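final-v2.pdb (PDB, C-alpha atoms) appears below.
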```pdb
ATOM      1  CA  MET A  85       0.000   0.000   0.000
ATOM      2  CA  ALA A  86       2.821   2.392   0.889
ATOM      3  CA  LYS A  87       4.515   1.639  -2.435
ATOM      4  CA  LYS A  88       1.281   2.456  -4.300
ATOM      5  CA  ASP A  89       0.900   5.751  -2.421
ATOM      6  CA  THR A  90       4.524   6.623  -3.188
ATOM      7  CA  GLY A  91       3.948   6.040  -6.907
ATOM      8  CA  LYS A  92       0.867   8.270  -6.854
ATOM      9  CA  SER A  93       2.757  11.004  -4.997
ATOM     10  CA  ILE A  94       5.556  10.941  -7.594
ATOM     11  CA  ARG A  95       3.047  11.242 -10.449
ATOM     12  CA  VAL A  96       1.401  14.224  -8.751
ATOM     13  CA  ALA A  97       4.833  15.816  -8.175
ATOM     14  CA  GLN A  98       5.637  15.377 -11.874
ATOM     15  CA  LYS A  99       2.374  17.122 -12.807
ATOM     16  CA  VAL A 100       3.143  20.015 -10.468
ATOM     17  CA  ALA A 101       6.674  20.269 -11.892
ATOM     18  CA  ALA A 102       5.207  20.248 -15.422
ATOM     19  CA  GLN A 103       2.915  23.197 -14.616
ATOM     20  CA  ILE A 104       5.790  25.269 -13.231
ATOM     21  CA  ARG A 105       8.072  24.205 -16.124
ATOM     22  CA  ASN A 106       5.430  25.244 -18.664
ATOM     23  CA  ALA A 107       5.101  28.643 -16.996
ATOM     24  CA  ILE A 108       8.871  29.140 -17.291
ATOM     25  CA  VAL A 109       8.915  28.108 -20.965
ATOM     26  CA  ARG A 110       5.942  30.365 -21.806
ATOM     27  CA  GLY A 111       7.611  33.294 -20.057
ATOM     28  CA  GLU A 112       4.981  33.609 -17.331
ATOM     29  CA  LEU A 113       7.833  33.037 -14.884
ATOM     30  CA  THR A 114      11.051  34.721 -15.931
ATOM     31  CA  GLN A 115      14.701  34.796 -14.900
ATOM     32  CA  GLU A 116      15.232  35.700 -11.232
ATOM     33  CA  ASP A 117      11.529  35.499 -10.398
ATOM     34  CA  ASN A 118      11.067  33.995  -6.948
ATOM     35  CA  LEU A 119       8.536  31.192  -6.723
ATOM     36  CA  PRO A 120       5.823  31.772  -4.103
ATOM     37  CA  ALA A 121       6.450  30.539  -0.570
ATOM     38  CA  GLU A 122       6.078  26.821   0.075
ATOM     39  CA  ALA A 123       2.787  27.218   1.984
ATOM     40  CA  GLN A 124       1.299  29.229  -0.877
ATOM     41  CA  LEU A 125       2.362  26.660  -3.485
ATOM     42  CA  ILE A 126       0.875  23.861  -1.392
ATOM     43  CA  ARG A 127      -2.487  25.693  -1.382
ATOM     44  CA  LEU A 128      -2.186  26.615  -5.069
ATOM     45  CA  PHE A 129      -1.635  23.016  -6.228
ATOM     46  CA  ASP A 130      -3.543  21.359  -3.367
ATOM     47  CA  VAL A 131      -0.736  18.915  -2.617
ATOM     48  CA  SER A 132       1.195  17.769   0.440
ATOM     49  CA  ARG A 133       4.521  19.292   1.483
ATOM     50  CA  PRO A 134       6.541  16.152   0.482
ATOM     51  CA  THR A 135       4.875  16.149  -2.952
ATOM     52  CA  LEU A 136       5.653  19.825  -3.538
ATOM     53  CA  ARG A 137       9.254  19.350  -2.430
ATOM     54  CA  GLU A 138       9.616  16.457  -4.861
ATOM     55  CA  ALA A 139       8.332  18.715  -7.669
ATOM     56  CA  ILE A 140      10.866  21.377  -6.693
ATOM     57  CA  ARG A 141      13.643  18.745  -6.712
ATOM     58  CA  ILE A 142      12.621  17.717 -10.239
ATOM     59  CA  LEU A 143      12.871  21.302 -11.496
ATOM     60  CA  GLU A 144      16.149  21.847  -9.675
ATOM     61  CA  GLY A 145      17.554  18.714 -11.312
ATOM     62  CA  GLU A 146      16.515  20.084 -14.713
ATOM     63  CA  ASP A 147      18.470  23.277 -13.926
ATOM     64  CA  LEU A 148      15.339  25.410 -14.301
ATOM     65  CA  ILE A 149      15.353  26.770 -10.747
ATOM     66  CA  GLU A 150      17.904  27.410  -8.035
ATOM     67  CA  VAL A 151      16.979  26.602  -4.452
ATOM     68  CA  SER A 152      18.415  28.454  -1.470
ATOM     69  CA  ARG A 153      18.178  26.588   1.821
ATOM     70  CA  GLY A 154      17.536  28.085   5.239
ATOM     71  CA  ALA A 155      14.948  30.301   6.908
ATOM     72  CA  ARG A 156      15.047  32.876   4.103
ATOM     73  CA  GLY A 157      15.508  30.318   1.376
ATOM     74  CA  GLY A 158      13.315  29.773  -1.641
ATOM     75  CA  ALA A 159      13.296  28.835  -5.299
ATOM     76  CA  THR A 160      14.419  31.269  -8.015
ATOM     77  CA  VAL A 161      13.916  30.825 -11.755
ATOM     78  CA  LYS A 162      17.197  30.408 -13.632
ATOM     79  CA  PRO A 163      17.902  31.675 -17.161
ATOM     80  CA  PHE A 164      16.485  29.327 -19.785
ATOM     81  CA  THR A 165      19.678  28.917 -21.801
ATOM     82  CA  PRO A 166      20.743  26.651 -24.695
ATOM     83  CA  ASP A 167      22.982  24.863 -22.179
ATOM     84  CA  VAL A 168      19.861  23.310 -20.650
ATOM     85  CA  ALA A 169      18.820  21.916 -24.042
ATOM     86  CA  ALA A 170      22.362  20.756 -24.853
ATOM     87  CA  ARG A 171      22.584  18.855 -21.566
ATOM     88  CA  ALA A 172      19.197  17.181 -22.080
ATOM     89  CA  ILE A 173      19.956  16.282 -25.709
ATOM     90  CA  GLY A 174      23.388  14.952 -24.786
ATOM     91  CA  GLN A 175      22.023  12.742 -22.010
ATOM     92  CA  THR A 176      19.289  11.396 -24.297
ATOM     93  CA  LEU A 177      21.762  10.616 -27.076
ATOM     94  CA  GLN A 178      24.132   8.890 -24.658
ATOM     95  CA  ALA A 179      21.306   6.790 -23.214
ATOM     96  CA  ASP A 180      20.478   5.732 -26.779
ATOM     97  CA  HIS A 181      24.135   4.719 -27.350
ATOM     98  CA  THR A 182      24.647   7.365 -30.046
ATOM     99  CA  THR A 183      28.185   7.497 -31.426
ATOM    100  CA  LEU A 184      30.354  10.570 -31.837
ATOM    101  CA  ASP A 185      30.404   9.764 -35.574
ATOM    102  CA  GLU A 186      26.647  10.372 -35.689
ATOM    103  CA  VAL A 187      26.989  13.711 -33.902
ATOM    104  CA  PHE A 188      29.651  14.862 -36.366
ATOM    105  CA  GLU A 189      27.459  13.659 -39.254
ATOM    106  CA  ALA A 190      24.535  15.713 -37.914
ATOM    107  CA  ARG A 191      26.783  18.771 -37.611
ATOM    108  CA  ARG A 192      27.888  18.282 -41.225
ATOM    109  CA  ILE A 193      24.232  18.328 -42.265
ATOM    110  CA  ILE A 194      23.337  21.395 -40.174
ATOM    111  CA  GLU A 195      26.277  23.789 -40.371
ATOM    112  CA  PRO A 196      26.727  24.327 -44.160
ATOM    113  CA  PRO A 197      23.073  25.404 -44.675
ATOM    114  CA  ALA A 198      23.488  27.666 -41.629
ATOM    115  CA  ALA A 199      26.373  29.369 -43.446
ATOM    116  CA  ALA A 200      24.142  29.869 -46.496
ATOM    117  CA  LEU A 201      21.355  31.363 -44.361
ATOM    118  CA  ALA A 202      23.816  33.752 -42.724
ATOM    119  CA  ALA A 203      24.893  34.969 -46.175
ATOM    120  CA  ARG A 204      21.272  35.498 -47.249
ATOM    121  CA  ASN A 205      19.786  37.034 -44.116
ATOM    122  CA  LYS A 206      22.191  39.578 -42.580
ATOM    123  CA  PRO A 207      25.542  39.068 -44.307
ATOM    124  CA  LYS A 208      27.339  42.136 -42.916
ATOM    125  CA  ALA A 209      26.234  41.597 -39.311
ATOM    126  CA  ALA A 210      26.923  37.856 -39.512
ATOM    127  CA  ALA A 211      30.425  38.383 -40.901
ATOM    128  CA  LEU A 212      31.163  40.927 -38.163
ATOM    129  CA  GLU A 213      30.207  38.452 -35.423
ATOM    130  CA  LEU A 214      32.296  35.682 -36.989
ATOM    131  CA  ARG A 215      35.312  37.975 -37.280
ATOM    132  CA  LYS A 216      35.062  38.789 -33.565
ATOM    133  CA  GLN A 217      35.434  35.059 -32.916
ATOM    134  CA  ILE A 218      38.317  34.826 -35.385
ATOM    135  CA  ILE A 219      40.200  37.495 -33.389
ATOM    136  CA  LEU A 220      39.844  35.271 -30.311
ATOM    137  CA  GLU A 221      41.176  32.347 -32.339
ATOM    138  CA  TYR A 222      44.303  34.293 -33.283
ATOM    139  CA  GLU A 223      44.832  35.187 -29.641
ATOM    140  CA  SER A 224      44.592  31.478 -28.723
ATOM    141  CA  LEU A 225      46.911  30.087 -31.394
ATOM    142  CA  GLY A 226      49.108  27.320 -30.003
ATOM    143  CA  GLN A 227      47.188  27.162 -26.712
ATOM    144  CA  PHE A 228      45.472  23.800 -26.565
ATOM    145  CA  PRO A 229      42.854  23.097 -25.152
ATOM    146  CA  ARG A 230      41.898  26.811 -24.986
ATOM    147  CA  MET A 231      42.025  26.915 -28.762
ATOM    148  CA  ALA A 232      39.544  24.015 -28.916
ATOM    149  CA  HIS A 233      37.058  26.058 -26.862
ATOM    150  CA  VAL A 234      37.496  29.128 -29.050
ATOM    151  CA  VAL A 235      37.127  27.139 -32.290
ATOM    152  CA  SER A 236      34.032  25.533 -30.827
ATOM    153  CA  GLY A 237      32.766  29.053 -30.242
ATOM    154  CA  PHE A 238      33.160  29.801 -33.961
ATOM    155  CA  HIS A 239      30.937  26.851 -34.877
ATOM    156  CA  ILE A 240      28.354  28.018 -32.340
ATOM    157  CA  ARG A 241      28.420  31.603 -33.624
ATOM    158  CA  LEU A 242      27.969  30.313 -37.171
ATOM    159  CA  VAL A 243      24.670  28.576 -36.429
ATOM    160  CA  GLU A 244      23.535  31.513 -34.282
ATOM    161  CA  VAL A 245      24.095  34.109 -37.031
ATOM    162  CA  SER A 246      22.099  31.983 -39.471
ATOM    163  CA  GLY A 247      19.019  33.808 -38.159
ATOM    164  CA  ASN A 248      17.130  30.531 -37.683
ATOM    165  CA  ARG A 249      16.638  29.993 -33.964
ATOM    166  CA  ALA A 250      15.624  26.331 -34.250
ATOM    167  CA  LEU A 251      18.730  25.578 -36.320
ATOM    168  CA  ALA A 252      20.877  27.590 -33.920
ATOM    169  CA  LEU A 253      19.621  25.699 -30.873
ATOM    170  CA  VAL A 254      20.209  22.254 -32.363
ATOM    171  CA  GLY A 255      23.560  23.226 -33.886
ATOM    172  CA  ARG A 256      24.790  24.755 -30.640
ATOM    173  CA  ALA A 257      23.685  21.715 -28.654
ATOM    174  CA  LEU A 258      25.548  19.341 -30.980
ATOM    175  CA  GLN A 259      28.710  21.443 -30.843
ATOM    176  CA  GLU A 260      28.661  21.636 -27.042
ATOM    177  CA  ILE A 261      28.005  17.894 -26.833
ATOM    178  CA  THR A 262      31.072  17.288 -29.016
ATOM    179  CA  LEU A 263      33.269  19.504 -26.860
ATOM    180  CA  THR A 264      31.986  17.993 -23.606
ATOM    181  CA  HIS A 265      32.732  14.474 -24.857
ATOM    182  CA  LEU A 266      36.265  15.390 -25.869
ATOM    183  CA  GLU A 267      36.923  17.148 -22.560
ATOM    184  CA  LEU A 268      35.648  14.287 -20.435
ATOM    185  CA  ILE A 269      37.724  11.633 -22.115
ATOM    186  CA  GLN A 270      40.681  14.045 -22.167
ATOM    187  CA  TYR A 271      41.550  13.224 -25.740
ATOM    188  CA  GLY A 272      42.256  15.524 -28.640
ATOM    189  CA  PRO A 273      44.287  15.675 -31.828
ATOM    190  CA  ALA A 274      47.034  17.414 -29.865
ATOM    191  CA  GLY A 275      48.237  13.974 -28.816
ATOM    192  CA  LYS A 276      48.743  12.944 -32.432
ATOM    193  CA  TYR A 277      50.811  15.875 -33.594
ATOM    194  CA  THR A 278      53.913  17.778 -32.685
ATOM    195  CA  PRO A 279      53.276  21.344 -31.437
ATOM    196  CA  GLU A 280      54.475  22.611 -34.813
ATOM    197  CA  LYS A 281      52.062  20.391 -36.751
ATOM    198  CA  LEU A 282      49.185  21.294 -34.438
ATOM    199  CA  LEU A 283      49.888  25.006 -34.912
ATOM    200  CA  GLU A 284      49.933  24.465 -38.679
ATOM    201  CA  ARG A 285      46.503  22.816 -38.548
ATOM    202  CA  GLN A 286      45.136  25.628 -36.396
ATOM    203  CA  ARG A 287      46.355  28.187 -38.938
ATOM    204  CA  GLU A 288      44.689  26.196 -41.735
ATOM    205  CA  SER A 289      41.414  26.270 -39.791
ATOM    206  CA  LEU A 290      41.735  30.003 -39.302
ATOM    207  CA  GLN A 291      42.209  30.531 -43.033
ATOM    208  CA  SER A 292      39.010  28.571 -43.694
ATOM    209  CA  HIS A 293      37.143  30.579 -41.073
ATOM    210  CA  GLU A 294      38.318  33.854 -42.605
ATOM    211  CA  ALA A 295      37.336  32.695 -46.085
ATOM    212  CA  LEU A 296      33.868  31.764 -44.814
ATOM    213  CA  ALA A 297      33.372  35.173 -43.183
ATOM    214  CA  GLU A 298      34.412  36.822 -46.467
ATOM    215  CA  MET A 299      31.877  34.790 -48.511
ATOM    216  CA  ILE A 300      29.107  35.486 -46.023
ATOM    217  CA  GLU A 301      29.862  39.221 -46.004
ATOM    218  CA  HIS A 302      29.496  39.314 -49.798
ATOM    219  CA  GLY A 303      26.221  37.384 -49.682
ATOM    220  CA  ASP A 304      27.646  34.332 -51.473
ATOM    221  CA  ALA A 305      25.266  31.770 -49.988
ATOM    222  CA  ALA A 306      26.124  28.928 -52.377
ATOM    223  CA  GLY A 307      29.862  29.520 -52.016
ATOM    224  CA  ALA A 308      29.653  29.710 -48.210
ATOM    225  CA  GLU A 309      27.678  26.479 -47.999
ATOM    226  CA  LYS A 310      30.069  24.581 -50.285
ATOM    227  CA  HIS A 311      33.158  26.009 -48.590
ATOM    228  CA  TRP A 312      31.962  24.993 -45.134
ATOM    229  CA  ARG A 313      30.920  21.512 -46.229
ATOM    230  CA  ASP A 314      34.344  20.971 -47.807
ATOM    231  CA  TYR A 315      36.017  22.265 -44.644
ATOM    232  CA  LEU A 316      34.063  19.848 -42.437
ATOM    233  CA  ASP A 317      34.843  16.988 -44.813
ATOM    234  CA  ARG A 318      38.538  17.723 -44.304
ATOM    235  CA  SER A 319      38.500  18.414 -40.563
ATOM    236  CA  ILE A 320      36.113  15.782 -39.192
ATOM    237  CA  PRO A 321      38.386  12.831 -40.101
ATOM    238  CA  ILE A 322      41.148  14.494 -38.066
ATOM    239  CA  TRP A 323      38.995  14.025 -34.950
ATOM    240  CA  LEU A 324      37.328  10.732 -35.783
ATOM    241  CA  VAL A 325      40.312   8.474 -35.240
ATOM    242  CA  PRO A 326      40.639   5.693 -32.623
ATOM    243  CA  PRO A 327      39.558   5.760 -29.865
ATOM    244  CA  LEU A 328      36.994   8.368 -30.974
ATOM    245  CA  LYS A 329      35.799   6.698 -34.173
ATOM    246  CA  GLY A 330      32.790   4.543 -33.358
ATOM    247  CA  ALA A 331      32.916   5.580 -29.693
ATOM    248  CA  THR A 332      29.621   5.896 -27.849
ATOM    249  CA  LEU A 333      28.913   9.457 -26.817
ATOM    250  CA  ASP A 334      29.941  10.273 -23.247
ATOM    251  CA  VAL A 335      28.791  13.600 -21.785
ATOM    252  CA  LEU A 336      28.352  12.655 -18.129
ATOM    253  CA  GLU A 337      30.856  13.379 -15.396
ATOM    254  CA  ARG A 338      32.235  10.278 -13.744
ATOM    255  CA  PRO A 339      32.083   9.865  -9.956
ATOM    256  CA  THR A 340      35.327   9.540  -8.031
ATOM    257  CA  PRO A 341      35.873   6.807  -7.058
ATOM    258  CA  PRO A 342      33.782   4.975  -9.726
ATOM    259  CA  ILE A 343      30.604   3.257  -8.524
ATOM    260  CA  ASP A 344      29.726  -0.267  -9.658
ATOM    261  CA  TRP A 345      25.969   0.258  -9.835
ATOM    262  CA  ARG A 346      25.216  -3.319 -10.888
ATOM    263  CA  ALA A 347      26.944  -4.579  -7.741
ATOM    264  CA  VAL A 348      24.988  -2.079  -5.623
ATOM    265  CA  ILE A 349      21.693  -3.240  -7.163
ATOM    266  CA  ARG A 350      22.556  -6.924  -6.631
ATOM    267  CA  ALA A 351      23.446  -6.243  -2.997
ATOM    268  CA  ASN A 352      20.196  -4.340  -2.509
ATOM    269  CA  GLN A 353      18.170  -7.162  -4.054
ATOM    270  CA  GLY A 354      19.896  -9.654  -1.770
ATOM    271  CA  ALA A 355      19.105  -7.541   1.285
ATOM    272  CA  ALA A 356      15.458  -7.277   0.213
ATOM    273  CA  GLU A 357      15.201 -11.060  -0.199
ATOM    274  CA  ASP A 358      16.693 -11.549   3.280
ATOM    275  CA  ASP A 359      14.115  -9.174   4.741
ATOM    276  CA  GLU A 360      11.296 -11.167   3.126
ATOM    277  CA  SER A 361      12.603 -14.598   4.166
ATOM    278  CA  PRO A 362      10.725 -16.565   6.917
ATOM    279  CA  ALA A 363      13.770 -16.271   9.200
ATOM    280  CA  ALA A 364      13.577 -12.487   8.972
ATOM    281  CA  THR A 365       9.981 -12.523  10.140
TER
END
```
How does the structure come out when it is put into structure tokens?
Amino acid sequence: MAKKDTGKSIRVAQKVAAQIRNAIVRGELTQEDNLPAEAQLIRLFDVSRPTLREAIRILEGEDLIEVSRGARGGATVKPFTPDVAARAIGQTLQADHTTLDEVFEARRIIEPPAAALAARNKPKAAALELRKQIILEYESLGQFPRMAHVVSGFHIRLVEVSGNRALALVGRALQEITLTHLELIQYGPAGKYTPEKLLERQRESLQSHEALAEMIEHGDAAGAEKHWRDYLDRSIPIWLVPPLKGATLDVLERPTPPIDWRAVIRANQGAAEDDESPAAT
């Protein structure tokens, strides 16, 4: 009976969390808004205190609110940023055993048309934003992994200046997923090359970035799209080498020390069986 009640309470908490989440997405609750006091929320949703607190924990886990503990504590709405979407997409792809190859393939499909859109929509403004990122790239030459972050920023700016917000969100999420994976496994092309060779490759990338900004500025949509597709065709194979090629996406931080969850579950099942045995009663 207690297990059934617990299941019902969780479902109610999920419904409460959904109502608050929807209000945040619709803009009815905005960044830095404080949620009403706990007693008021309990009356508003007609739920118990444990159920409301479970709903708040759900939203906190989704990074939609920030909870301050203590007498003057409360829940505050956090900015609804692309990072939230990137994290959710990354976790979903990892759970589905998506490979890094598939993420790169998706980026190859998304980014070249984004370059074409940038050239058609606001070519001058788009080129200006890309050149700001290129300046950062020059300042980071030879500094790996800082350079990797800055180059990643160029890819993100490219999809953002396309003017298509849906494309920008998905493209940014895929780029951040790629970078997170590479950071967590602490692997990059720097290990394959001498510092001189790595610097040479970085300069080659910069030349391609500058050429893209030039095409976009002049409104050459077809040229920008082809140039960026060719660039990705050349650069992606540099990253997709063992152990990255065919590797399942990994965007989750690992606990220290590692936890053997299967062993924990087996031990828990054994303890439960002991509790239910005649000797235990």
**OP:** On this file, the PyMOL selection byres ((chain A and resi 201-214) around 9) gives some set of residues; write that set as a PyMOL selection string.
**Re:** chain A and resi 196-200+215-219+238+241-248+293-294+296-306+308-309
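Of note, atom CA of A:Phe164 and atom CA of A:Arg105 are spaced 10.5 Å apart.
With atom CA of A:Pro163 on one side and atom CA of A:Arg256 on the other, the separation reads 16.6 Å.
Comparing A:Asp334, A:Gly91, A:Val109, A:Ala102 by their smallest distance to A:Arg171, the closest is A:Asp334 (using all atoms listed in the file).
In this structure, atom CA of A:Ile194 sits 16.8 Å away from atom CA of A:Ala169.
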Original post:
When the PyMOL selection byres ((chain A and resi 313) around 10) is applied to the file above, which residues end up in the set, as a VMD selection string?
Top reply: chain A and resid 191 to 197 199 307 to 312 314 to 319
Original post:
Can you list, as a ChimeraX atom specification, every protein, DNA or RNA residue that comes within 10 Å of A:His233 when you count only C-alpha atoms, leaving out same-chain residues fewer than 6 positions away?
Top reply: /A:221,224,260,263,267
Subject >> Contacts of A:Glu122 at 10 Å (all atoms listed in the file; same-chain gap of 2+ positions) as a PyMOL selection string >> reply: chain A and resi 119-120+124-128+133+136-137+140+158-159
Original post:
Exactly which residues make up the result of the PyMOL selection byres ((chain A and resi 184) around 12) on this file, given as a PyMOL selection string?
Top reply: chain A and resi 174+177-178+181-183+185-191+258-259+261-266+320-321+323-335
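The residue that comes closest to A:Ile104, out of A:Ser292, A:Gln175, A:Ser236, A:Asn118 and on the basis of all atoms listed in the file, is A:Asn118.
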Could stretch 122-146 of chain A be completed with N, CA and C atoms and written as a short mmCIF file (atom, residue, chain, number, x, y, z; two decimals), in the frame of the given file, please?
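Full text of result_9.cif as output:
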```
data_model
loop_
_atom_site.label_atom_id
_atom_site.label_comp_id
_atom_site.auth_asym_id
_atom_site.auth_seq_id
_atom_site.Cartn_x
_atom_site.Cartn_y
_atom_site.Cartn_z
N GLU A 122 6.50 28.22 0.08
CA GLU A 122 6.08 26.82 0.08
C GLU A 122 4.60 26.66 0.46
N ALA A 123 4.17 27.35 1.52
CA ALA A 123 2.79 27.22 1.98
C ALA A 123 1.81 27.67 0.90
N GLN A 124 2.17 28.72 0.19
CA GLN A 124 1.30 29.23 -0.88
C GLN A 124 1.22 28.25 -2.04
N LEU A 125 2.35 27.65 -2.39
CA LEU A 125 2.36 26.66 -3.48
C LEU A 125 1.57 25.41 -3.11
N ILE A 126 1.64 25.03 -1.85
CA ILE A 126 0.88 23.86 -1.39
C ILE A 126 -0.62 24.13 -1.56
N ARG A 127 -1.07 25.34 -1.21
CA ARG A 127 -2.49 25.69 -1.38
C ARG A 127 -2.84 25.80 -2.87
N LEU A 128 -1.93 26.41 -3.65
CA LEU A 128 -2.19 26.62 -5.07
C LEU A 128 -2.41 25.29 -5.80
N PHE A 129 -1.56 24.29 -5.52
CA PHE A 129 -1.64 23.02 -6.23
C PHE A 129 -2.42 21.95 -5.45
N ASP A 130 -2.79 22.29 -4.21
CA ASP A 130 -3.54 21.36 -3.37
C ASP A 130 -2.81 20.02 -3.22
N VAL A 131 -1.56 20.12 -2.80
CA VAL A 131 -0.74 18.92 -2.62
C VAL A 131 -0.11 18.96 -1.23
N SER A 132 0.51 17.84 -0.85
CA SER A 132 1.20 17.77 0.44
C SER A 132 2.57 18.41 0.33
N ARG A 133 3.18 18.70 1.47
CA ARG A 133 4.52 19.29 1.48
C ARG A 133 5.54 18.37 0.82
N PRO A 134 5.57 17.04 1.14
CA PRO A 134 6.54 16.15 0.48
C PRO A 134 6.37 16.12 -1.04
N THR A 135 5.11 16.17 -1.51
CA THR A 135 4.88 16.15 -2.95
C THR A 135 5.41 17.41 -3.61
N LEU A 136 5.15 18.57 -2.99
CA LEU A 136 5.65 19.82 -3.54
C LEU A 136 7.18 19.83 -3.57
N ARG A 137 7.79 19.35 -2.48
CA ARG A 137 9.25 19.35 -2.43
C ARG A 137 9.84 18.43 -3.49
N GLU A 138 9.16 17.35 -3.79
CA GLU A 138 9.62 16.46 -4.86
C GLU A 138 9.54 17.18 -6.20
N ALA A 139 8.47 17.95 -6.42
CA ALA A 139 8.33 18.72 -7.67
C ALA A 139 9.46 19.73 -7.80
N ILE A 140 9.78 20.39 -6.69
CA ILE A 140 10.87 21.38 -6.69
C ILE A 140 12.19 20.69 -7.00
N ARG A 141 12.40 19.49 -6.44
CA ARG A 141 13.64 18.74 -6.71
C ARG A 141 13.74 18.39 -8.19
N ILE A 142 12.62 18.04 -8.81
CA ILE A 142 12.62 17.72 -10.24
C ILE A 142 13.08 18.92 -11.05
N LEU A 143 12.52 20.09 -10.76
CA LEU A 143 12.87 21.30 -11.50
C LEU A 143 14.31 21.73 -11.24
N GLU A 144 14.76 21.52 -10.01
CA GLU A 144 16.15 21.85 -9.68
C GLU A 144 17.10 20.94 -10.45
N GLY A 145 16.73 19.66 -10.56
CA GLY A 145 17.55 18.71 -11.31
C GLY A 145 17.60 19.04 -12.79
N GLU A 146 16.55 19.68 -13.30
CA GLU A 146 16.52 20.08 -14.71
C GLU A 146 17.21 21.43 -14.94
#
```
